[in-house]
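Undergrad: Here you go, one structure.
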Amino acid sequence: MANRRNFIKTTAIASVAVALNAFGKKEDTETTLVPKGTIRKPIVLSTWRFGIPANEAAWEILKNKGRALDAVEAGVRVPEGDPNERSVGYGGRPDRDGRVTLDACIMDEYSNIGSVACLEHIKHPISVARAVMEKTPHVMLVGEGAFQFALLQGHEKENLLTETSEKEWREWLESSNYKPLVNIENHDTIGMIAMDANGNLSGACTTSGMAYKMHGRVGDSPIIGAGLYVDNEIGAATATGHGEEVIRIAGCHLVVELMRQGKSPQKACEEAVNRIIKLTKYRNKNLNDIQVGFIALNKKGEHGAYCIQKGFNYAKYDETGNNLLDANYFLK
Ligand code: SD4
């Protein structure tokens with residue numbers, strides 16, 4: 001199984017090193033403040049290395065003055081449809097019963113929201129979430145109800161469990177030990193947040209969740225306020241990592257509220273992570289077993305990212321290009 005740190009060594013460092021901002025200065029992931037009076041837009045950020053191809057798809061829409069909502073949907077559909085991405089959509093690792101169950105949510109600049117959880121057999125849960133948002137009086141559909149709704153919307157029933165995922169799951173069954181590994185690619189989510197040329201924000205988040213979870217387990221990714229939050233007056237945030245910890249602090253809502261109080265996106269991500277750290281200690285749990293990462297964007301186009309453990313990266317596409325950046329982290 002590929003180790004993310006090795007991957008970063010071979011592919012990501014170069015892109016971080018050459019990242020220049022719009023003003024010709026080296027990008028600093030600690031502070032990404034833009035000069036007073038400027039707004040960096042359009043811009044799109046997404047979690048992990050699969051954010052690079054996802055951002056490409058989003059940028060096609062953003063650069064043509066398209067809507068951020070369309071961009072984030074198109075963007076996250078890329079890893080959803082890629083069987084080689086083993087933690088999102090088609091090809092995602094199954095739950096402990098061998099069932100691929102998907103979680104996704106979407107939020108636009110008007111605070112319209114839609115979400116699906118524990119959805120099976122549908123390759124693009126994000127588009128089902130968008131249909132929940134636009135075509136139903138509800139905000140969240142789960143399980144069989146979400147599946148039936150997807151079929152009504154024209155999605156096809158497909159087998160999402162690839163041979164590789166099935167083989168690994170059968171091997172896992174021999175121990176049946178549920179212990180999600182930190183930064184090993186068995187549970188990564190794509191969260192994407194974008195600001196379009198009109199200055200409007202949207203976000204999308206989609207995942208197959210933690211590998212070998214209990215059937216029916218839902219993480220933070222389809223929960224508005226936990227795995228994703230957008231406030232068009234303030235900013236947007238999305239999360240990856242152990243969903244239970246993100247839900248515990250209503251993570252992305254917290255990040256956006258901290259930005260509302262005047263914090264930079266970077267400081268807001270740091271404070272949210274610090275809150276998880278504090279609660280982990282208070283609950284006598286081992287911090288080394290937990291990874292959570294946030295990325296955030298404000299209305300000026302400033303961004304931030306922070307996580308508990310080394311190894312979380314994210315992709316940023318703006319006028320300076322599409323770059324993979326390493327997030328700063330707590331456990332040094
Ligand atoms: C979940 N947050 O289901 C997702 C998984 C993830 O890196 O993002 N892992 O809890």
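How things are named: the first chain in the structure tokens is A, the next is B, and so on; residues count from 1 in each chain; ligands count from 1 in the order shown.
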Set the cut-off to 10 Å, count only C-alpha atoms and all ligand atoms, and list whatever residues fall near ligand 1 as a ChimeraX atom specification.

TA: /A:47-48,87-88,102-104,180-191,205-211,213,217-222,226-227,238-247,290-293,312

Undergrad: Which residues come within 12 Å of Phe149 (chain A), counting only C-alpha atoms, excluding same-chain residues fewer than 6 positions away, as a list in words?

TA: Val116, Leu119, Glu120, Ile122, Pro125, Ser127, Val128, Ala129, Arg130, Ala131, Val132, Lys135, Thr136, His138, Met140, Leu141, Val142, Gly143, His155, Glu156 and Lys157 of chain A

Undergrad: Just checking: using only C-alpha atoms, which residue out of A:Asn112, A:Asp82, A:Phe50, A:Arg99 ends up closest to Gly216 (chain A)?

TA: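 Nearest candidate to Gly216 (chain A) out of A:Asn112, A:Asp82, A:Phe50, A:Arg99: A:Arg99.
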
Undergrad: Quick one: DSSP helix (DSSP H, G or I) residues in region 24-254 of chain A, as a PyMOL selection string?

TA: chain A and resi 51-62+68-80+125-135+143-152+163-173+243-248+251-254

Undergrad: From the set A:Val72, A:Ala197, A:Ile223, A:Ala58, which residue has the shortest atom-to-atom contact distance to Pro42 (chain A), counting only C-alpha atoms?

TA: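 For Pro42 (chain A), the nearest of the given residues is A:Ala197.
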
Undergrad: One number please: CA of Gln309 (chain A) to CA of Gly321 (chain A), in Å, one decimal.

TA: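 Taking CA of Gln309 (chain A) as the start and CA of Gly321 (chain A) as the end point, the length is 26.5 Å.
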
Undergrad: Which residues in region 21-104 of chain A does DSSP call strand (DSSP E or B)? List them as number ranges by chain.

TA: A: 26, 43-47, 102-104

Undergrad: Can you tell me how far CA of Ile113 (chain A) sits from CA of Val139 (chain A), in Å to one decimal?

TA: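 It comes out at 5.9 Å.
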
Undergrad: Please report the interatomic distance between CA of Arg86 (chain A) and CA of Arg49 (chain A) in Å with one decimal.

TA: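 These atoms are spaced 12.7 Å apart.
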
Undergrad: List the neighbours of Ile224 (chain A) out to 9 Å using only C-alpha atoms; skip same-chain residues closer than 6 positions along the sequence, and give me the result as an mmCIF file with N, CA, C and O atoms, in the first residue's frame.

TA:
```cif
data_model
loop_
_atom_site.group_PDB
_atom_site.id
_atom_site.type_symbol
_atom_site.label_atom_id
_atom_site.label_comp_id
_atom_site.auth_asym_id
_atom_site.auth_seq_id
_atom_site.Cartn_x
_atom_site.Cartn_y
_atom_site.Cartn_z
ATOM 1 N N CYS A 105 -21.792 15.798 0.133
ATOM 2 C CA CYS A 105 -22.663 16.961 0.291
ATOM 3 C C CYS A 105 -22.163 18.124 -0.542
ATOM 4 O O CYS A 105 -21.008 18.155 -0.994
ATOM 5 N N ILE A 106 -23.058 19.080 -0.733
ATOM 6 C CA ILE A 106 -22.751 20.240 -1.574
ATOM 7 C C ILE A 106 -23.469 21.455 -0.986
ATOM 8 O O ILE A 106 -24.547 21.323 -0.382
ATOM 9 N N MET A 107 -22.862 22.633 -1.139
ATOM 10 C CA MET A 107 -23.466 23.857 -0.592
ATOM 11 C C MET A 107 -23.125 25.020 -1.510
ATOM 12 O O MET A 107 -21.984 25.143 -1.964
ATOM 13 N N ILE A 113 -28.405 23.628 0.367
ATOM 14 C CA ILE A 113 -27.594 22.470 0.751
ATOM 15 C C ILE A 113 -28.254 21.169 0.302
ATOM 16 O O ILE A 113 -29.487 21.064 0.242
ATOM 17 N N GLY A 114 -27.435 20.185 -0.009
ATOM 18 C CA GLY A 114 -27.944 18.860 -0.358
ATOM 19 C C GLY A 114 -26.920 17.822 0.034
ATOM 20 O O GLY A 114 -25.716 18.065 -0.013
ATOM 21 N N SER A 115 -27.430 16.654 0.426
ATOM 22 C CA SER A 115 -26.496 15.641 0.906
ATOM 23 C C SER A 115 -27.081 14.244 0.783
ATOM 24 O O SER A 115 -28.296 14.063 0.815
ATOM 25 N N VAL A 230 -20.184 26.595 3.917
ATOM 26 C CA VAL A 230 -19.977 27.768 3.058
ATOM 27 C C VAL A 230 -20.866 28.893 3.586
ATOM 28 O O VAL A 230 -22.057 28.677 3.834
ATOM 29 N N ALA A 250 -18.241 20.129 15.173
ATOM 30 C CA ALA A 250 -18.925 20.807 14.055
ATOM 31 C C ALA A 250 -17.880 21.602 13.262
ATOM 32 O O ALA A 250 -17.987 22.822 13.072
ATOM 33 N N CYS A 252 -16.284 22.367 10.203
ATOM 34 C CA CYS A 252 -16.196 23.403 9.162
ATOM 35 C C CYS A 252 -17.045 24.623 9.491
ATOM 36 O O CYS A 252 -16.700 25.749 9.117
ATOM 37 N N HIS A 253 -18.135 24.406 10.203
ATOM 38 C CA HIS A 253 -18.912 25.559 10.664
ATOM 39 C C HIS A 253 -18.059 26.388 11.624
ATOM 40 O O HIS A 253 -18.030 27.622 11.557
#
```

Undergrad: If you count only C-alpha atoms, which residues fall within 10 Å of Asn64 (chain A), apart from same-chain ones fewer than 2 positions away, as a ChimeraX atom specification?

TA: /A:42,59-62,66-67,196-197

Undergrad: Emit the selected residues as a tab-separated table (two decimals), in the first residue's frame, including C-alpha atoms.

TA:
```tsv
chain	number	residue	atom	x	y	z
A	42	PRO	CA	-11.28	32.75	-9.14
A	59	TRP	CA	-10.83	25.49	-13.33
A	60	GLU	CA	-12.27	24.83	-16.80
A	61	ILE	CA	-15.52	26.26	-15.43
A	62	LEU	CA	-14.03	28.97	-13.24
A	66	GLY	CA	-18.74	29.82	-14.58
A	67	ARG	CA	-20.42	29.37	-11.24
A	196	ASP	CA	-15.78	32.14	-8.85
A	197	ALA	CA	-15.09	35.27	-10.89
```

Undergrad: Determine the nearest neighbour of Gly51 (chain A) from the options A:Ala150, A:Met192, A:Ala272, A:Leu287, counting only C-alpha atoms.

TA: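 Closest candidate: A:Met192.
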
Undergrad: Which residues, written as a list in words, have at least one atom at most 10 Å from Ser202 (chain A), with only C-alpha atoms counted and residues fewer than 6 positions away on the same chain left out?

TA: Val44, Arg67, Ala68, Leu69, Asp70, Ala71, Val72, Glu73, Ile106, Met107, Asp108, Glu109, Tyr110, Ser111, Asn112, Met192, Ile193, Ala194, Met195, Asp196, Leu228, Tyr229, Val230, Asp231, Asn232, Gly235, Ala236 and Ala237 of chain A

Undergrad: Counting only C-alpha atoms, which of A:Thr101, A:Thr38, A:Asn298, A:Asn198 gets nearest to Asn159 (chain A)?

TA: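 Once distances to Asn159 (chain A) are computed over only C-alpha atoms, the minimum belongs to A:Thr101.
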
Undergrad: Select, from A:Lys299, A:Arg93, A:Arg275, A:Arg77, the residue with the minimum atom-to-atom distance to Met259 (chain A), counting only C-alpha atoms.

TA: A:Lys299
